[in-house]
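Chemist: Just coords-v6.cif, nothing more (mmCIF, N, CA and C atoms):
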```
data_target
loop_
_atom_site.group_PDB
_atom_site.id
_atom_site.type_symbol
_atom_site.label_atom_id
_atom_site.label_comp_id
_atom_site.auth_asym_id
_atom_site.auth_seq_id
_atom_site.Cartn_x
_atom_site.Cartn_y
_atom_site.Cartn_z
ATOM 1 N N MET V 1 -16.651 8.199 5.839
ATOM 2 C CA MET V 1 -15.389 7.673 5.363
ATOM 3 C C MET V 1 -14.463 8.849 5.052
ATOM 4 N N ALA V 2 -13.217 8.704 5.368
ATOM 5 C CA ALA V 2 -12.236 9.756 5.114
ATOM 6 C C ALA V 2 -12.013 9.904 3.614
ATOM 7 N N ASP V 3 -11.590 11.092 3.223
ATOM 8 C CA ASP V 3 -11.249 11.324 1.828
ATOM 9 C C ASP V 3 -9.861 10.764 1.552
ATOM 10 N N PHE V 4 -9.739 9.985 0.483
ATOM 11 C CA PHE V 4 -8.456 9.422 0.090
ATOM 12 C C PHE V 4 -8.192 9.810 -1.352
ATOM 13 N N ASP V 5 -6.943 10.037 -1.664
ATOM 14 C CA ASP V 5 -6.523 10.385 -3.012
ATOM 15 C C ASP V 5 -6.042 9.118 -3.704
ATOM 16 N N LEU V 6 -6.848 8.598 -4.627
ATOM 17 C CA LEU V 6 -6.450 7.389 -5.344
ATOM 18 C C LEU V 6 -5.315 7.665 -6.320
ATOM 19 N N ASN V 7 -4.994 8.919 -6.524
ATOM 20 C CA ASN V 7 -3.869 9.262 -7.380
ATOM 21 C C ASN V 7 -2.612 9.474 -6.554
ATOM 22 N N GLY V 8 -2.707 9.221 -5.238
ATOM 23 C CA GLY V 8 -1.587 9.445 -4.322
ATOM 24 C C GLY V 8 -0.251 9.117 -4.963
ATOM 25 N N GLY V 9 0.633 10.083 -4.976
ATOM 26 C CA GLY V 9 1.898 9.977 -5.681
ATOM 27 C C GLY V 9 2.780 8.835 -5.238
ATOM 28 N N LEU V 10 2.749 7.754 -5.961
ATOM 29 C CA LEU V 10 3.630 6.622 -5.708
ATOM 30 C C LEU V 10 4.618 6.505 -6.847
ATOM 31 N N SER V 11 5.854 6.259 -6.511
ATOM 32 C CA SER V 11 6.836 5.951 -7.552
ATOM 33 C C SER V 11 6.497 4.571 -8.114
ATOM 34 N N ALA V 12 7.123 4.216 -9.204
ATOM 35 C CA ALA V 12 6.902 2.891 -9.789
ATOM 36 C C ALA V 12 7.272 1.790 -8.799
ATOM 37 N N ALA V 13 8.359 1.988 -8.070
ATOM 38 C CA ALA V 13 8.795 0.985 -7.091
ATOM 39 C C ALA V 13 7.822 0.896 -5.923
ATOM 40 N N GLU V 14 7.311 2.041 -5.458
ATOM 41 C CA GLU V 14 6.329 2.041 -4.364
ATOM 42 C C GLU V 14 5.032 1.380 -4.808
ATOM 43 N N PHE V 15 4.629 1.635 -6.053
ATOM 44 C CA PHE V 15 3.420 0.998 -6.569
ATOM 45 C C PHE V 15 3.598 -0.516 -6.647
ATOM 46 N N GLU V 16 4.777 -0.956 -7.052
ATOM 47 C CA GLU V 16 5.048 -2.397 -7.098
ATOM 48 C C GLU V 16 4.961 -3.005 -5.697
ATOM 49 N N SER V 17 5.429 -2.290 -4.698
ATOM 50 C CA SER V 17 5.307 -2.763 -3.315
ATOM 51 C C SER V 17 3.836 -2.874 -2.922
ATOM 52 N N LEU V 18 3.030 -1.907 -3.333
ATOM 53 C CA LEU V 18 1.587 -1.959 -3.061
ATOM 54 C C LEU V 18 0.972 -3.184 -3.739
ATOM 55 N N ARG V 19 1.352 -3.448 -4.964
ATOM 56 C CA ARG V 19 0.816 -4.625 -5.679
ATOM 57 C C ARG V 19 1.222 -5.923 -4.986
ATOM 58 N N GLU V 20 2.469 -6.003 -4.531
ATOM 59 C CA GLU V 20 2.915 -7.189 -3.799
ATOM 60 C C GLU V 20 2.105 -7.361 -2.521
ATOM 61 N N LEU V 21 1.870 -6.267 -1.827
ATOM 62 C CA LEU V 21 1.077 -6.314 -0.602
ATOM 63 C C LEU V 21 -0.351 -6.754 -0.911
ATOM 64 N N SER V 22 -0.901 -6.314 -2.035
ATOM 65 C CA SER V 22 -2.275 -6.688 -2.398
ATOM 66 C C SER V 22 -2.411 -8.178 -2.675
ATOM 67 N N LYS V 23 -1.319 -8.812 -3.040
ATOM 68 C CA LYS V 23 -1.304 -10.258 -3.296
ATOM 69 C C LYS V 23 -1.013 -11.049 -2.027
ATOM 70 N N GLY V 24 -0.777 -10.324 -0.925
ATOM 71 C CA GLY V 24 -0.436 -10.991 0.322
ATOM 72 C C GLY V 24 1.023 -11.413 0.368
ATOM 73 N N LEU V 25 1.817 -10.810 -0.499
ATOM 74 C CA LEU V 25 3.230 -11.175 -0.597
ATOM 75 C C LEU V 25 4.111 -9.998 -0.210
ATOM 76 N N GLY V 26 5.268 -10.293 0.242
ATOM 77 C CA GLY V 26 6.312 -9.303 0.371
ATOM 78 C C GLY V 26 6.201 -8.290 1.476
ATOM 79 N N TRP V 27 5.150 -8.346 2.294
ATOM 80 C CA TRP V 27 5.011 -7.312 3.327
ATOM 81 C C TRP V 27 6.210 -7.287 4.257
ATOM 82 N N HIS V 28 6.819 -8.427 4.468
ATOM 83 C CA HIS V 28 7.959 -8.497 5.384
ATOM 84 C C HIS V 28 9.266 -8.082 4.721
ATOM 85 N N THR V 29 9.256 -7.909 3.398
ATOM 86 C CA THR V 29 10.471 -7.515 2.691
ATOM 87 C C THR V 29 10.353 -6.153 2.019
ATOM 88 N N LEU V 30 9.261 -5.452 2.244
ATOM 89 C CA LEU V 30 9.119 -4.128 1.649
ATOM 90 C C LEU V 30 10.149 -3.177 2.242
ATOM 91 N N PRO V 31 10.721 -2.326 1.399
ATOM 92 C CA PRO V 31 11.637 -1.319 1.940
ATOM 93 C C PRO V 31 10.907 -0.436 2.954
ATOM 94 N N ALA V 32 11.607 -0.071 4.000
ATOM 95 C CA ALA V 32 10.996 0.729 5.073
ATOM 96 C C ALA V 32 10.380 2.015 4.530
ATOM 97 N N ARG V 33 11.031 2.628 3.561
ATOM 98 C CA ARG V 33 10.518 3.863 2.972
ATOM 99 C C ARG V 33 9.183 3.628 2.264
ATOM 100 N N HIS V 34 9.041 2.484 1.585
ATOM 101 C CA HIS V 34 7.794 2.152 0.910
ATOM 102 C C HIS V 34 6.694 1.900 1.940
ATOM 103 N N THR V 35 7.043 1.164 2.987
ATOM 104 C CA THR V 35 6.074 0.889 4.051
ATOM 105 C C THR V 35 5.562 2.186 4.655
ATOM 106 N N ALA V 36 6.460 3.105 4.959
ATOM 107 C CA ALA V 36 6.069 4.387 5.547
ATOM 108 C C ALA V 36 5.147 5.159 4.614
ATOM 109 N N LYS V 37 5.434 5.153 3.334
ATOM 110 C CA LYS V 37 4.615 5.879 2.359
ATOM 111 C C LYS V 37 3.225 5.252 2.245
ATOM 112 N N LEU V 38 3.164 3.927 2.169
ATOM 113 C CA LEU V 38 1.872 3.240 2.061
ATOM 114 C C LEU V 38 1.029 3.483 3.306
ATOM 115 N N LEU V 39 1.652 3.490 4.465
ATOM 116 C CA LEU V 39 0.938 3.776 5.712
ATOM 117 C C LEU V 39 0.436 5.218 5.724
ATOM 118 N N SER V 40 1.286 6.158 5.317
ATOM 119 C CA SER V 40 0.908 7.575 5.376
ATOM 120 C C SER V 40 -0.219 7.914 4.406
ATOM 121 N N LEU V 41 -0.302 7.193 3.299
ATOM 122 C CA LEU V 41 -1.370 7.434 2.320
ATOM 123 C C LEU V 41 -2.647 6.654 2.632
ATOM 124 N N GLY V 42 -2.586 5.790 3.651
ATOM 125 C CA GLY V 42 -3.764 5.003 4.020
ATOM 126 C C GLY V 42 -3.963 3.761 3.175
ATOM 127 N N TYR V 43 -2.951 3.407 2.387
ATOM 128 C CA TYR V 43 -3.050 2.217 1.536
ATOM 129 C C TYR V 43 -2.739 0.933 2.303
ATOM 130 N N ALA V 44 -2.134 1.069 3.461
ATOM 131 C CA ALA V 44 -1.788 -0.079 4.301
ATOM 132 C C ALA V 44 -1.973 0.322 5.753
ATOM 133 N N ARG V 45 -2.047 -0.701 6.608
ATOM 134 C CA ARG V 45 -2.133 -0.447 8.051
ATOM 135 C C ARG V 45 -1.390 -1.560 8.768
ATOM 136 N N ASP V 46 -0.942 -1.224 9.979
ATOM 137 C CA ASP V 46 -0.299 -2.229 10.821
ATOM 138 C C ASP V 46 -1.379 -3.094 11.449
ATOM 139 N N ALA V 47 -1.132 -4.385 11.497
ATOM 140 C CA ALA V 47 -2.058 -5.329 12.114
ATOM 141 C C ALA V 47 -1.226 -6.385 12.838
ATOM 142 N N VAL V 48 -1.898 -7.152 13.672
ATOM 143 C CA VAL V 48 -1.219 -8.261 14.326
ATOM 144 C C VAL V 48 -0.686 -9.175 13.227
ATOM 145 N N GLY V 49 0.579 -9.441 13.272
ATOM 146 C CA GLY V 49 1.181 -10.301 12.267
ATOM 147 C C GLY V 49 1.846 -9.541 11.136
ATOM 148 N N GLY V 50 1.658 -8.233 11.071
ATOM 149 C CA GLY V 50 2.356 -7.462 10.043
ATOM 150 C C GLY V 50 1.481 -6.463 9.327
ATOM 151 N N LEU V 51 1.984 -5.991 8.236
ATOM 152 C CA LEU V 51 1.338 -4.975 7.420
ATOM 153 C C LEU V 51 0.250 -5.609 6.565
ATOM 154 N N VAL V 52 -0.903 -4.948 6.474
ATOM 155 C CA VAL V 52 -1.982 -5.429 5.607
ATOM 156 C C VAL V 52 -2.464 -4.273 4.736
ATOM 157 N N ILE V 53 -2.958 -4.623 3.590
ATOM 158 C CA ILE V 53 -3.480 -3.621 2.669
ATOM 159 C C ILE V 53 -4.889 -3.224 3.110
ATOM 160 N N THR V 54 -5.222 -1.966 2.927
ATOM 161 C CA THR V 54 -6.560 -1.483 3.267
ATOM 162 C C THR V 54 -7.461 -1.582 2.037
ATOM 163 N N ASP V 55 -8.742 -1.343 2.238
ATOM 164 C CA ASP V 55 -9.673 -1.350 1.103
ATOM 165 C C ASP V 55 -9.254 -0.324 0.058
ATOM 166 N N ILE V 56 -8.877 0.864 0.512
ATOM 167 C CA ILE V 56 -8.458 1.906 -0.426
ATOM 168 C C ILE V 56 -7.165 1.497 -1.126
ATOM 169 N N GLY V 57 -6.297 0.781 -0.433
ATOM 170 C CA GLY V 57 -5.088 0.263 -1.054
ATOM 171 C C GLY V 57 -5.403 -0.759 -2.149
ATOM 172 N N GLN V 58 -6.389 -1.609 -1.883
ATOM 173 C CA GLN V 58 -6.825 -2.585 -2.887
ATOM 174 C C GLN V 58 -7.369 -1.873 -4.125
ATOM 175 N N LEU V 59 -8.163 -0.819 -3.894
ATOM 176 C CA LEU V 59 -8.691 -0.052 -5.015
ATOM 177 C C LEU V 59 -7.570 0.577 -5.832
ATOM 178 N N ARG V 60 -6.595 1.132 -5.147
ATOM 179 C CA ARG V 60 -5.460 1.780 -5.829
ATOM 180 C C ARG V 60 -4.652 0.767 -6.612
ATOM 181 N N ALA V 61 -4.421 -0.391 -6.025
ATOM 182 C CA ALA V 61 -3.657 -1.443 -6.715
ATOM 183 C C ALA V 61 -4.400 -1.923 -7.955
ATOM 184 N N ALA V 62 -5.708 -2.070 -7.847
ATOM 185 C CA ALA V 62 -6.520 -2.539 -8.963
ATOM 186 C C ALA V 62 -6.609 -1.493 -10.074
ATOM 187 N N ARG V 63 -6.552 -0.240 -9.674
ATOM 188 C CA ARG V 63 -6.667 0.868 -10.622
ATOM 189 C C ARG V 63 -5.446 0.957 -11.523
ATOM 190 N N GLY V 64 -4.324 0.543 -11.035
ATOM 191 C CA GLY V 64 -3.102 0.594 -11.838
ATOM 192 C C GLY V 64 -2.266 1.808 -11.511
ATOM 193 N N SER V 65 -1.098 1.865 -12.134
ATOM 194 C CA SER V 65 -0.140 2.935 -11.837
ATOM 195 C C SER V 65 -0.570 4.263 -12.302
#
```
If you took the structure in this file and wrote it as structure tokens, what would it be?
Modeler:
Amino acid sequence: MADFDLNGGLSAAEFESLRELSKGLGWHTLPARHTAKLLSLGYARDAVGGLVITDIGQLRAARGS
């Protein structure tokens, strides 16, 4: 498994986008900048039908800000 930084620097707004994604909400309305950041940190991935949260993204969302 690749090394991931669970402390990956997210702003409060980016973290809120991650939380929305973890609930299965808002992926289609996330700001493009937030989407790019979540993808680059490995917290989300592109899938058929849109953006989905990864396991590491779920862990980060559950861990809190």
Chemist: Edge lengths and centre in Å to one decimal, as JSON, is what I'm after for the box along x, y and z that holds all listed atoms of region 35-49 of chain V once 6 Å is added on each side.
Modeler:
```
{"center_x": 1.5, "center_y": -1.2, "center_z": 7.9, "size_x": 23.0, "size_y": 30.2, "size_z": 24.8}
```
Chemist: One decimal, in Å: what's the spacing between atom N of Gly57 (chain V) and atom C of Leu38 (chain V)?
Modeler: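 Answer for the atom N of Gly57 (chain V) to atom C of Leu38 (chain V) separation: 8.7 Å.
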Chemist: Just the strand (DSSP E) stuff from chain V, please, per backbone DSSP, written as a list of chain:residue names.
Modeler: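 Written out, the strand (DSSP E) residues of chain V are V:Ala44, V:Arg45, V:Asp46, V:Ala47, V:Gly50, V:Leu51, V:Val52, V:Ile53.
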Chemist: For CA of Arg19 (chain V) and CA of Val48 (chain V), quote the distance in Å rounded to one decimal.
Modeler: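 Separation of CA of Arg19 (chain V) and CA of Val48 (chain V): 20.4 Å.
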Chemist: What gap, in Å, lies between atom C of Arg33 (chain V) and atom C of Ser11 (chain V)?
Modeler: 10.8 Å
Chemist: With distances taken over only C-alpha atoms, which of V:Leu39, V:Pro31, V:Arg63, V:Gly9 is nearest to Leu51 (chain V)?
Modeler: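 Ranked by minimum distance to Leu51 (chain V), first place goes to V:Leu39.
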Chemist: Would you kindly return, as a tab-separated table (two decimals) with N, CA and C atoms, keeping the file's coordinate frame, each protein, DNA or RNA residue with an atom no farther than 8 Å from any atom of Tyr43 (chain V), considering all atoms listed in the file and excluding same-chain residues fewer than 3 positions away?
Modeler:
```tsv
chain	number	residue	atom	x	y	z
V	18	LEU	N	3.03	-1.91	-3.33
V	18	LEU	CA	1.59	-1.96	-3.06
V	18	LEU	C	0.97	-3.18	-3.74
V	37	LYS	N	5.43	5.15	3.33
V	37	LYS	CA	4.62	5.88	2.36
V	37	LYS	C	3.22	5.25	2.24
V	38	LEU	N	3.16	3.93	2.17
V	38	LEU	CA	1.87	3.24	2.06
V	38	LEU	C	1.03	3.48	3.31
V	39	LEU	N	1.65	3.49	4.46
V	39	LEU	CA	0.94	3.78	5.71
V	39	LEU	C	0.44	5.22	5.72
V	40	SER	N	1.29	6.16	5.32
V	40	SER	CA	0.91	7.58	5.38
V	40	SER	C	-0.22	7.91	4.41
V	52	VAL	N	-0.90	-4.95	6.47
V	52	VAL	CA	-1.98	-5.43	5.61
V	52	VAL	C	-2.46	-4.27	4.74
V	53	ILE	N	-2.96	-4.62	3.59
V	53	ILE	CA	-3.48	-3.62	2.67
V	53	ILE	C	-4.89	-3.22	3.11
V	54	THR	N	-5.22	-1.97	2.93
V	54	THR	CA	-6.56	-1.48	3.27
V	54	THR	C	-7.46	-1.58	2.04
V	55	ASP	N	-8.74	-1.34	2.24
V	55	ASP	CA	-9.67	-1.35	1.10
V	55	ASP	C	-9.25	-0.32	0.06
V	56	ILE	N	-8.88	0.86	0.51
V	56	ILE	CA	-8.46	1.91	-0.43
V	56	ILE	C	-7.16	1.50	-1.13
V	57	GLY	N	-6.30	0.78	-0.43
V	57	GLY	CA	-5.09	0.26	-1.05
V	57	GLY	C	-5.40	-0.76	-2.15
V	58	GLN	N	-6.39	-1.61	-1.88
V	58	GLN	CA	-6.82	-2.58	-2.89
V	58	GLN	C	-7.37	-1.87	-4.12
V	60	ARG	N	-6.60	1.13	-5.15
V	60	ARG	CA	-5.46	1.78	-5.83
V	60	ARG	C	-4.65	0.77	-6.61
```
Chemist: Could you write out, as number ranges by chain, all the residues of chain V that DSSP marks as alpha helix (DSSP H)?
Modeler: V: 12-22, 32-40, 55-63
Chemist: For a quick check of understanding, using only N, CA and C atoms, which of V:Ala36, V:Ser22, V:His28, V:Asp46 has the smallest distance to Ala61 (chain V)?
Modeler: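 Using only N, CA and C atoms, the shortest distance to Ala61 (chain V) belongs to V:Ser22.
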